[in-house]
Each structure stands twice: as C-alpha cells, then as structure tokens.
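These notes are about the structure you will find just below.
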Amino acid sequence: MRRIAGFAAVALLAASTAAGCSSAEPGGNAPATTDPDGLRVEVVVGGLSHPWDVGFLPDGRMLVPQRPARIALVENGKATDVEADLGDVAVRGEGGLMSLVVHPDFETSKQFTTCFNTAEDVRLVTWRLDGAKATRVKDPLLAGLPNNPSGRHSGCRMALDGDGRLLVGTGDTAVGTVPQDRSSLGGKVLRVDLATGEGVEDNPFGDRIYTYGHRNVQGVAVRQDGLVFTAEHGPDVDDEVNLLRPGANYGWDPSRGGTAGGYDESVPMTDLERFPDAVEAVWSSGDPTEAISDTAFLTGEQWGGMEGVLAVTALKGSKVLLFTVTPEGGVHSVSIPVELDGTHGRLRGAELGPDNALYVTTSNGEDDKVLKITRTP
C-alpha cells in the first residue's frame, strides 16, 4: 500500500512503493488507513464493454449497464443481455448508456432507472424487469439535461440519498455558460423524487438543483451520516473530491462570467476570485489529473481499520484511491492499494454490494470486467 498526501488544494505527492505503507502525510503521524494484510481482487464476470455501473438485485443477481447501449444481467459469474429497447441511446465518445439505480422497493416493483444520452438530450428512464426483459414504465423520468453531440461531459452518475431521493451528477457539456446558469440542469448535482423526477420540496432553489458550478460529476457517494461526496473531472489539472452543501456554488465558470466566448478551461476549478463564497474541494489532484470516476464508502466490520474509507476509482490513473475522511467531511490522508494500482487498466464504476464487498468495473473497451474487492483476512 502506498500513501499520498490528500488535503484540499494539495497536489498528489507520490510515496514510495516499498513493501508495506510508507507515510507522506504532513507530520508523518497520521493513523494507518489500511490493514497490512492487503486486499483480495476477484473477477466476478468478464466479456463486457465499458460497464458503467453495478446494480444489485435482492436475489443476488446484478444489472450492469454498458456504454454501447447494453444491459447485462449477471448471475453465477455469467452475463446475459437484458432484452430492452435501447434504440434511442446515442453512443458517441463519452456518451451512451451510463448510470443505473435499482429502486429500493425492487422486490415488489421490479423497477430500476437508467441515465443515457439521446440525440437531443441526456435523460433518465425508469424500467420494469421481468425475467431477462426490461420494459419502460416512466419514459422519461427526467428529460432535457443538456447534451453535447459528441457526448462530451455528459455526467450521468446517480445515487440514492438516505431519504431515498435520487441524486444525479450532470456534466457541463463543454459549454462555458452552463455551470453557473441555474436555468440549465448541466454542471449540477440534482436532487429529485425517484417516482416523479420532480424536484424535492426542501431543495435550496425550489426546483431540481441541489448544487451548481460543476464541470463533470462522475461519482456520487452518500455516507451513513448523510454527508454527500462527489468526484469530478478537472481539465488538465485539479480533479476534485467535493463535500456537497445544499445550494452551494462549486466555482467552475469557463465563460468567465459570460465575458469569454467558447470554453476557457484555463480558469480555476474553484474560482474564488470570481466567486468568493464558492466551496473549495476537500481534495484536489493538482497536476497531473487521475480522471477520477465513481465513489463508494467501505462499510462493515470485515473492513477492519478501512471501515469508513471513501474508495474512488480512476480512469487515466488506472487505480483506486482510498480516502480517510474526517467526521466533519475533510480528507485526512489518501492511500493506493498495490493490488489496484495499474493492475486492471482503467477503472470506472464503484459500488458497495449487499455483502459489503466493493465492486469495481473496468473500462478498457475489450473484455471489461466486474471486480469484487474484499479485505484479506
């Protein structure tokens, strides 16, 4: 396990890769965040193409959406294609079929919701699963999220909060004015009713928007105490892990207040000069970026000293970063397990399973896999 510094606005500092854990935290006296026994990584299923997410069904099966407009139903290490009308999914560049959320009442409703690009927009659709066939029952649940024809910055990460409300991280579609424009659903985190797609009554602006000023939200994780963390792609610097505060501005504005044409990515990820009240990231990658993706908290006593750690996957970095998070939501330290440091290629989805194991998807394009990660006893 190697460890790196991990405080707001502090760049990644590579620690040595000698055996065991080497410390790189200020002061060198931070408590260890991992057990020396390491991690076990098992392949659950292979043969997939850009799996974006993992949804767990009550009977132990998994639904795995794949960006090229396919849904796999995984059972006993085998994947079969779900029969579903996905003809309107626009698969271009970063876009396609992305996040999936299984409804909490799935045992009776058989429903799940997907997020994907169409030719016109990014939208959410709710489905009913019968055997290996899925039928649309709410089409759309939510439509009109902005869409770049190339698929760039589509966001589309979904998660349920502690009240069963649906959180949706969206991208700014590489349009400079979108993140700060509260009439647009792009560059935001939305909070909506899972049944209707409408904004939740206590949302800060009385509509669907929960936070704004984001670039491209790729991960959303809800801690057991209700705190919400997101992972967000930076431009050529400063991937961010953010702690969400309702109604807050996270400071991304590539239009420079509408004064710059196009999409000026030289601006800071959190522009405190233009927006003094913007919320700073609890962790920033600095230079280089890792292209961090999904997020999940490790829970359950089987994780030992790792319980409560925030796991974050990385695409470009081809690793999992493990964040020790304080009770207040700050990042204390970061470590990288050697078992997941460049060993499986690009890593995208991260979900905690009903068995409290961490499930991670690869995103290499060929023979992609769902990995099961547990602590070595």
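Chain identifiers are assigned as A, B, and so on, following the order in which chains appear in the structure tokens; residues are numbered from 1 within each chain, and ligands are numbered from 1 in order of appearance.
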- Task: If you run DSSP over the backbone, which residues in stretch 173-344 of chain A end up strand (DSSP E or B)? Put them as a PyMOL selection string.
- Result: chain A and resi 188-192+199+209-212+216-222+228-232+240-243+249+283-284+292-297+310-314+319-325+331-336+341
- Message: Give me the residues near A:Ala195 as a list of chain:residue names, where near means some atom within 10 Å (using only C-alpha atoms) and where sequence neighbours in that chain fewer than 5 positions away do not count.
- Response: A:His103, A:Thr113, A:Thr126, A:Lys138, A:Leu141, A:Arg165, A:Leu166
For those residues, write N, CA and C atoms to a file as a PDB file, in the first residue's frame.
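Generated file (part_20.pdb):
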ATOM      1  N   HIS A 103     -34.272   0.422  -7.722  1.00  0.00           N
ATOM      2  CA  HIS A 103     -35.168   1.051  -6.755  1.00  0.00           C
ATOM      3  C   HIS A 103     -35.192   0.286  -5.443  1.00  0.00           C
ATOM      4  N   THR A 113     -33.776   2.504 -12.725  1.00  0.00           N
ATOM      5  CA  THR A 113     -33.690   3.715 -13.546  1.00  0.00           C
ATOM      6  C   THR A 113     -32.307   3.815 -14.166  1.00  0.00           C
ATOM      7  N   THR A 126     -37.158   5.067 -16.362  1.00  0.00           N
ATOM      8  CA  THR A 126     -37.409   4.001 -15.396  1.00  0.00           C
ATOM      9  C   THR A 126     -37.978   2.784 -16.108  1.00  0.00           C
ATOM     10  N   LYS A 138     -41.587   4.587 -17.099  1.00  0.00           N
ATOM     11  CA  LYS A 138     -41.589   6.044 -16.928  1.00  0.00           C
ATOM     12  C   LYS A 138     -40.579   6.601 -17.916  1.00  0.00           C
ATOM     13  N   LEU A 141     -38.361   9.680 -17.031  1.00  0.00           N
ATOM     14  CA  LEU A 141     -38.494  10.143 -15.651  1.00  0.00           C
ATOM     15  C   LEU A 141     -38.052  11.596 -15.572  1.00  0.00           C
ATOM     16  N   ARG A 165     -34.119   9.805  -1.995  1.00  0.00           N
ATOM     17  CA  ARG A 165     -34.181  10.761  -3.100  1.00  0.00           C
ATOM     18  C   ARG A 165     -33.045  10.471  -4.082  1.00  0.00           C
ATOM     19  N   LEU A 166     -33.267  10.772  -5.338  1.00  0.00           N
ATOM     20  CA  LEU A 166     -32.291  10.470  -6.369  1.00  0.00           C
ATOM     21  C   LEU A 166     -31.379  11.662  -6.596  1.00  0.00           C
TER      22      LEU A 166
END
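Between atom CA of A:Gly55 and atom CA of A:Leu185 lies a distance of 24.7 Å.
Looking only at stretch 91-303 of chain A, the set that DSSP places in helix (DSSP H, G or I) from backbone geometry is Phe106, Glu107, Thr108, Ser109, Glu301, Gln302 and Trp303 of chain A.
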Please save N, CA, C and O atoms of the selected residues as a PDB file, in the first residue's frame.
ATOM      1  N   PHE A 106     -37.517  -2.702  -5.179  1.00  0.00           N
ATOM      2  CA  PHE A 106     -37.433  -3.566  -6.358  1.00  0.00           C
ATOM      3  C   PHE A 106     -38.124  -4.912  -6.144  1.00  0.00           C
ATOM      4  O   PHE A 106     -38.710  -5.472  -7.075  1.00  0.00           O
ATOM      5  N   GLU A 107     -38.072  -5.430  -4.939  1.00  0.00           N
ATOM      6  CA  GLU A 107     -38.654  -6.753  -4.692  1.00  0.00           C
ATOM      7  C   GLU A 107     -40.116  -6.815  -5.110  1.00  0.00           C
ATOM      8  O   GLU A 107     -40.595  -7.844  -5.579  1.00  0.00           O
ATOM      9  N   THR A 108     -40.825  -5.676  -4.972  1.00  0.00           N
ATOM     10  CA  THR A 108     -42.235  -5.652  -5.386  1.00  0.00           C
ATOM     11  C   THR A 108     -42.441  -4.904  -6.695  1.00  0.00           C
ATOM     12  O   THR A 108     -43.261  -5.312  -7.521  1.00  0.00           O
ATOM     13  N   SER A 109     -41.687  -3.811  -6.915  1.00  0.00           N
ATOM     14  CA  SER A 109     -41.918  -3.008  -8.120  1.00  0.00           C
ATOM     15  C   SER A 109     -41.162  -3.513  -9.338  1.00  0.00           C
ATOM     16  O   SER A 109     -41.548  -3.237 -10.479  1.00  0.00           O
ATOM     17  N   GLU A 301     -17.862  -4.403   9.385  1.00  0.00           N
ATOM     18  CA  GLU A 301     -16.736  -4.693  10.278  1.00  0.00           C
ATOM     19  C   GLU A 301     -15.655  -5.522   9.603  1.00  0.00           C
ATOM     20  O   GLU A 301     -14.496  -5.523  10.049  1.00  0.00           O
ATOM     21  N   GLN A 302     -16.000  -6.195   8.499  1.00  0.00           N
ATOM     22  CA  GLN A 302     -14.977  -7.003   7.834  1.00  0.00           C
ATOM     23  C   GLN A 302     -13.873  -6.145   7.212  1.00  0.00           C
ATOM     24  O   GLN A 302     -12.806  -6.654   6.868  1.00  0.00           O
ATOM     25  N   TRP A 303     -14.118  -4.824   7.064  1.00  0.00           N
ATOM     26  CA  TRP A 303     -13.081  -3.949   6.531  1.00  0.00           C
ATOM     27  C   TRP A 303     -12.057  -3.555   7.594  1.00  0.00           C
ATOM     28  O   TRP A 303     -11.030  -2.945   7.265  1.00  0.00           O
TER      29      TRP A 303
END
Closest atom pairs, stretch 150-246 of chain A residues within 9 Å of stretch 265-283 of chain A, only C-alpha atoms, as CSV:
residue,atom,partner,partner_atom,distance
A:Gly176,CA,A:Glu265,CA,8.8
A:Gly213,CA,A:Thr270,CA,8.5
A:His214,CA,A:Met269,CA,8.3
A:Arg215,CA,A:Met269,CA,7.8
A:Gly234,CA,A:Met269,CA,6.6
A:Pro235,CA,A:Glu265,CA,6.3
A:Asp236,CA,A:Glu265,CA,8.3
A:Val237,CA,A:Met269,CA,8.4
A:Asp238,CA,A:Met269,CA,6.8
A:Asp239,CA,A:Trp283,CA,8.3
A:Glu240,CA,A:Trp283,CA,5.8
A:Val241,CA,A:Trp283,CA,5.2
A:Asn242,CA,A:Ala281,CA,4.7
A:Leu243,CA,A:Val282,CA,6.6
A:Leu244,CA,A:Val279,CA,8.5
A:Arg245,CA,A:Val279,CA,8.3
- Any idea what's packed within 9 Å of A:Pro377, counting only C-alpha atoms, ignoring anything in its chain fewer than 2 positions away? Could you give it as number ranges by chain? A: 37-39, 302, 374-375
Now that the selection is made, can you save its residues with N, CA, C and O atoms as a JSON list (two decimals), in the first residue's frame?
[["chain", "number", "residue", "atom", "x", "y", "z"],
["A", 37, "ASP", "N", -2.55, -6.63, 5.72],
["A", 37, "ASP", "CA", -2.83, -7.88, 5.03],
["A", 37, "ASP", "C", -3.19, -7.67, 3.56],
["A", 37, "ASP", "O", -3.12, -8.60, 2.77],
["A", 38, "GLY", "N", -3.62, -6.47, 3.20],
["A", 38, "GLY", "CA", -3.91, -6.18, 1.80],
["A", 38, "GLY", "C", -5.33, -6.53, 1.40],
["A", 38, "GLY", "O", -6.20, -6.78, 2.22],
["A", 39, "LEU", "N", -5.54, -6.56, 0.09],
["A", 39, "LEU", "CA", -6.86, -6.77, -0.49],
["A", 39, "LEU", "C", -6.87, -7.99, -1.40],
["A", 39, "LEU", "O", -5.86, -8.33, -2.01],
["A", 302, "GLN", "N", -16.00, -6.20, 8.50],
["A", 302, "GLN", "CA", -14.98, -7.00, 7.83],
["A", 302, "GLN", "C", -13.87, -6.15, 7.21],
["A", 302, "GLN", "O", -12.81, -6.65, 6.87],
["A", 374, "THR", "N", -12.30, -7.41, -1.55],
["A", 374, "THR", "CA", -12.51, -7.62, -0.13],
["A", 374, "THR", "C", -11.16, -7.50, 0.58],
["A", 374, "THR", "O", -10.10, -7.53, -0.03],
["A", 375, "ARG", "N", -11.22, -7.34, 1.88],
["A", 375, "ARG", "CA", -10.01, -7.29, 2.68],
["A", 375, "ARG", "C", -9.52, -8.71, 2.94],
["A", 375, "ARG", "O", -10.30, -9.60, 3.27]]
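For the residues A:Leu97, A:Leu160, A:Val331, A:Ile336, ranking by smallest atom-to-atom distance to A:Thr313 using only C-alpha atoms places A:Ile336 first.
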- Message: List the spatial neighbours of A:Arg92 as a ChimeraX atom specification - criterion: any atom at most 8 Å away, only C-alpha atoms, same-chain residues fewer than 5 positions off excluded.
- Response: /A:149-151
Expected file: the selected residues, all heavy atoms, as a PDB file, in the first residue's frame:
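Result file part10.pdb:
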ATOM      1  N   PRO A 149     -23.351  16.886 -28.752  1.00  0.00           N
ATOM      2  CA  PRO A 149     -23.461  15.844 -29.785  1.00  0.00           C
ATOM      3  C   PRO A 149     -22.314  14.842 -29.764  1.00  0.00           C
ATOM      4  O   PRO A 149     -22.492  13.690 -30.174  1.00  0.00           O
ATOM      5  CB  PRO A 149     -23.467  16.649 -31.088  1.00  0.00           C
ATOM      6  CG  PRO A 149     -24.002  17.986 -30.711  1.00  0.00           C
ATOM      7  CD  PRO A 149     -23.488  18.243 -29.328  1.00  0.00           C
ATOM      8  N   SER A 150     -21.144  15.265 -29.265  1.00  0.00           N
ATOM      9  CA  SER A 150     -20.006  14.352 -29.189  1.00  0.00           C
ATOM     10  C   SER A 150     -20.056  13.464 -27.955  1.00  0.00           C
ATOM     11  O   SER A 150     -19.253  12.538 -27.811  1.00  0.00           O
ATOM     12  CB  SER A 150     -18.702  15.149 -29.159  1.00  0.00           C
ATOM     13  OG  SER A 150     -18.552  15.811 -27.910  1.00  0.00           O
ATOM     14  N   GLY A 151     -20.983  13.754 -27.055  1.00  0.00           N
ATOM     15  CA  GLY A 151     -21.058  13.020 -25.795  1.00  0.00           C
ATOM     16  C   GLY A 151     -20.185  13.584 -24.699  1.00  0.00           C
ATOM     17  O   GLY A 151     -20.183  13.073 -23.569  1.00  0.00           O
TER      18      GLY A 151
END
Quick one: residues within 8 Å of A:Ser49, only C-alpha atoms counted, chain neighbours fewer than 3 positions away excluded, as a PDB file with all heavy atoms, in the first residue's frame?
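After the write, out.pdb holds the following:
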ATOM      1  N   GLN A  66     -23.836  -1.027 -19.874  1.00  0.00           N
ATOM      2  CA  GLN A  66     -22.620  -0.839 -20.657  1.00  0.00           C
ATOM      3  C   GLN A  66     -22.836   0.314 -21.623  1.00  0.00           C
ATOM      4  O   GLN A  66     -23.897   0.431 -22.232  1.00  0.00           O
ATOM      5  CB  GLN A  66     -22.291  -2.119 -21.417  1.00  0.00           C
ATOM      6  CG  GLN A  66     -22.044  -3.313 -20.496  1.00  0.00           C
ATOM      7  CD  GLN A  66     -22.066  -4.624 -21.256  1.00  0.00           C
ATOM      8  OE1 GLN A  66     -21.088  -5.001 -21.896  1.00  0.00           O
ATOM      9  NE2 GLN A  66     -23.191  -5.315 -21.195  1.00  0.00           N
ATOM     10  N   ARG A  67     -21.814   1.144 -21.757  1.00  0.00           N
ATOM     11  CA  ARG A  67     -21.952   2.365 -22.548  1.00  0.00           C
ATOM     12  C   ARG A  67     -22.447   2.121 -23.974  1.00  0.00           C
ATOM     13  O   ARG A  67     -23.235   2.921 -24.491  1.00  0.00           O
ATOM     14  CB  ARG A  67     -20.621   3.133 -22.565  1.00  0.00           C
ATOM     15  CG  ARG A  67     -20.781   4.580 -23.022  1.00  0.00           C
ATOM     16  CD  ARG A  67     -19.513   5.357 -22.787  1.00  0.00           C
ATOM     17  NE  ARG A  67     -18.399   4.870 -23.581  1.00  0.00           N
ATOM     18  CZ  ARG A  67     -17.124   5.150 -23.339  1.00  0.00           C
ATOM     19  NH1 ARG A  67     -16.801   5.900 -22.297  1.00  0.00           N
ATOM     20  NH2 ARG A  67     -16.167   4.693 -24.108  1.00  0.00           N
ATOM     21  N   PRO A  68     -22.065   1.007 -24.654  1.00  0.00           N
ATOM     22  CA  PRO A  68     -22.573   0.780 -26.017  1.00  0.00           C
ATOM     23  C   PRO A  68     -24.027   0.288 -26.062  1.00  0.00           C
ATOM     24  O   PRO A  68     -24.381  -0.526 -26.918  1.00  0.00           O
ATOM     25  CB  PRO A  68     -21.618  -0.289 -26.566  1.00  0.00           C
ATOM     26  CG  PRO A  68     -20.422  -0.276 -25.690  1.00  0.00           C
ATOM     27  CD  PRO A  68     -20.949   0.090 -24.341  1.00  0.00           C
ATOM     28  N   SER A 363     -12.849  -0.251 -17.539  1.00  0.00           N
ATOM     29  CA  SER A 363     -13.355   0.489 -18.701  1.00  0.00           C
ATOM     30  C   SER A 363     -12.270   0.576 -19.760  1.00  0.00           C
ATOM     31  O   SER A 363     -11.822   1.650 -20.139  1.00  0.00           O
ATOM     32  CB  SER A 363     -13.824   1.888 -18.280  1.00  0.00           C
ATOM     33  OG  SER A 363     -14.519   2.537 -19.327  1.00  0.00           O
ATOM     34  N   ASN A 364     -11.863  -0.595 -20.248  1.00  0.00           N
ATOM     35  CA  ASN A 364     -10.799  -0.679 -21.243  1.00  0.00           C
ATOM     36  C   ASN A 364     -11.315  -0.885 -22.657  1.00  0.00           C
ATOM     37  O   ASN A 364     -10.566  -0.748 -23.621  1.00  0.00           O
ATOM     38  CB  ASN A 364      -9.835  -1.808 -20.865  1.00  0.00           C
ATOM     39  CG  ASN A 364      -9.199  -1.569 -19.507  1.00  0.00           C
ATOM     40  OD1 ASN A 364      -8.675  -0.504 -19.241  1.00  0.00           O
ATOM     41  ND2 ASN A 364      -9.264  -2.569 -18.634  1.00  0.00           N
ATOM     42  N   GLY A 365     -12.597  -1.245 -22.791  1.00  0.00           N
ATOM     43  CA  GLY A 365     -13.201  -1.378 -24.116  1.00  0.00           C
ATOM     44  C   GLY A 365     -13.307  -2.792 -24.623  1.00  0.00           C
ATOM     45  O   GLY A 365     -14.187  -3.105 -25.418  1.00  0.00           O
ATOM     46  N   GLU A 366     -12.414  -3.668 -24.172  1.00  0.00           N
ATOM     47  CA  GLU A 366     -12.453  -5.067 -24.574  1.00  0.00           C
ATOM     48  C   GLU A 366     -12.334  -5.952 -23.339  1.00  0.00           C
ATOM     49  O   GLU A 366     -11.495  -5.705 -22.474  1.00  0.00           O
ATOM     50  CB  GLU A 366     -11.321  -5.395 -25.547  1.00  0.00           C
ATOM     51  CG  GLU A 366     -11.446  -4.715 -26.899  1.00  0.00           C
ATOM     52  CD  GLU A 366     -10.345  -5.148 -27.847  1.00  0.00           C
ATOM     53  OE1 GLU A 366      -9.528  -6.022 -27.458  1.00  0.00           O
ATOM     54  OE2 GLU A 366     -10.286  -4.616 -28.965  1.00  0.00           O
ATOM     55  N   ASP A 367     -13.171  -6.976 -23.295  1.00  0.00           N
ATOM     56  CA  ASP A 367     -13.168  -7.914 -22.174  1.00  0.00           C
ATOM     57  C   ASP A 367     -13.133  -7.192 -20.834  1.00  0.00           C
ATOM     58  O   ASP A 367     -12.354  -7.530 -19.940  1.00  0.00           O
ATOM     59  CB  ASP A 367     -11.990  -8.888 -22.286  1.00  0.00           C
ATOM     60  CG  ASP A 367     -12.122 -10.061 -21.305  1.00  0.00           C
ATOM     61  OD1 ASP A 367     -13.261 -10.377 -20.906  1.00  0.00           O
ATOM     62  OD2 ASP A 367     -11.078 -10.644 -20.935  1.00  0.00           O
ATOM     63  N   ASP A 368     -13.982  -6.181 -20.699  1.00  0.00           N
ATOM     64  CA  ASP A 368     -14.073  -5.482 -19.420  1.00  0.00           C
ATOM     65  C   ASP A 368     -14.714  -6.380 -18.372  1.00  0.00           C
ATOM     66  O   ASP A 368     -15.452  -7.321 -18.690  1.00  0.00           O
ATOM     67  CB  ASP A 368     -14.854  -4.183 -19.584  1.00  0.00           C
ATOM     68  CG  ASP A 368     -13.976  -3.066 -20.122  1.00  0.00           C
ATOM     69  OD1 ASP A 368     -12.839  -2.927 -19.656  1.00  0.00           O
ATOM     70  OD2 ASP A 368     -14.445  -2.332 -21.025  1.00  0.00           O
TER      71      ASP A 368
END
Set out as a Markdown table a contact list for stretch 174-224 of chain A and stretch 346-362 of chain A with a cut-off of 10 Å, giving each residue of stretch 174-224 of chain A that qualifies its closest atom pair and distance in Å to one decimal, counting only C-alpha atoms, ordered by chain and rising residue number.
| residue | atom | partner | partner_atom | distance |
| --- | --- | --- | --- | --- |
| A:Gln218 | CA | A:Arg348 | CA | 8.9 |
| A:Gly219 | CA | A:Gly349 | CA | 8.4 |
| A:Val220 | CA | A:Ala350 | CA | 9.9 |
| A:Ala221 | CA | A:Glu351 | CA | 9.1 |
Could you write out the selected residues, including C-alpha atoms, as a CSV table (one decimal), in the first residue's frame?
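What ended up in part_14.csv:
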chain,number,residue,atom,x,y,z
A,218,GLN,CA,-18.5,11.3,-12.3
A,219,GLY,CA,-19.1,10.0,-8.8
A,220,VAL,CA,-21.7,10.4,-6.0
A,221,ALA,CA,-21.4,8.7,-2.6
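Excluding A:Val125 and any residue on its chain fewer than 2 positions from it, the residues at most 9 Å away by only C-alpha atoms are Phe112, Thr113, Thr114, Cys115, Phe116, Arg123, Trp127, Arg136, Val137, Lys138, Asp139, Pro140, Leu141, Leu142 and Ala143 of chain A.
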Write a file of the just-selected residues containing C-alpha atoms, as a PDB file, in the first residue's frame.
ATOM      1  CA  PHE A 112     -34.707   0.399 -11.974  1.00  0.00           C
ATOM      2  CA  THR A 113     -33.690   3.715 -13.546  1.00  0.00           C
ATOM      3  CA  THR A 114     -31.016   4.418 -16.160  1.00  0.00           C
ATOM      4  CA  CYS A 115     -29.307   7.597 -17.365  1.00  0.00           C
ATOM      5  CA  PHE A 116     -28.207   7.905 -21.000  1.00  0.00           C
ATOM      6  CA  ARG A 123     -32.349  11.693 -19.841  1.00  0.00           C
ATOM      7  CA  TRP A 127     -37.821   0.341 -16.352  1.00  0.00           C
ATOM      8  CA  ARG A 136     -40.078   1.228 -19.939  1.00  0.00           C
ATOM      9  CA  VAL A 137     -42.579   2.371 -17.328  1.00  0.00           C
ATOM     10  CA  LYS A 138     -41.589   6.044 -16.928  1.00  0.00           C
ATOM     11  CA  ASP A 139     -40.229   7.459 -20.177  1.00  0.00           C
ATOM     12  CA  PRO A 140     -38.811   9.853 -19.383  1.00  0.00           C
ATOM     13  CA  LEU A 141     -38.494  10.143 -15.651  1.00  0.00           C
ATOM     14  CA  LEU A 142     -36.469  13.274 -16.373  1.00  0.00           C
ATOM     15  CA  ALA A 143     -35.538  14.739 -19.766  1.00  0.00           C
TER      16      ALA A 143
END
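With distances restricted to only C-alpha atoms, A:Leu227 is the closest residue to A:Glu328 from A:Leu227, A:Leu124, A:Met306, A:Ile373.
Coordinates place atom CA of A:Lys133 at a distance of 6.1 Å from atom CA of A:Ala84.
Distance check against A:Glu83 using only C-alpha atoms: of A:Ser99, A:Thr135, A:Thr230, A:Thr173, the minimum falls on A:Thr135.
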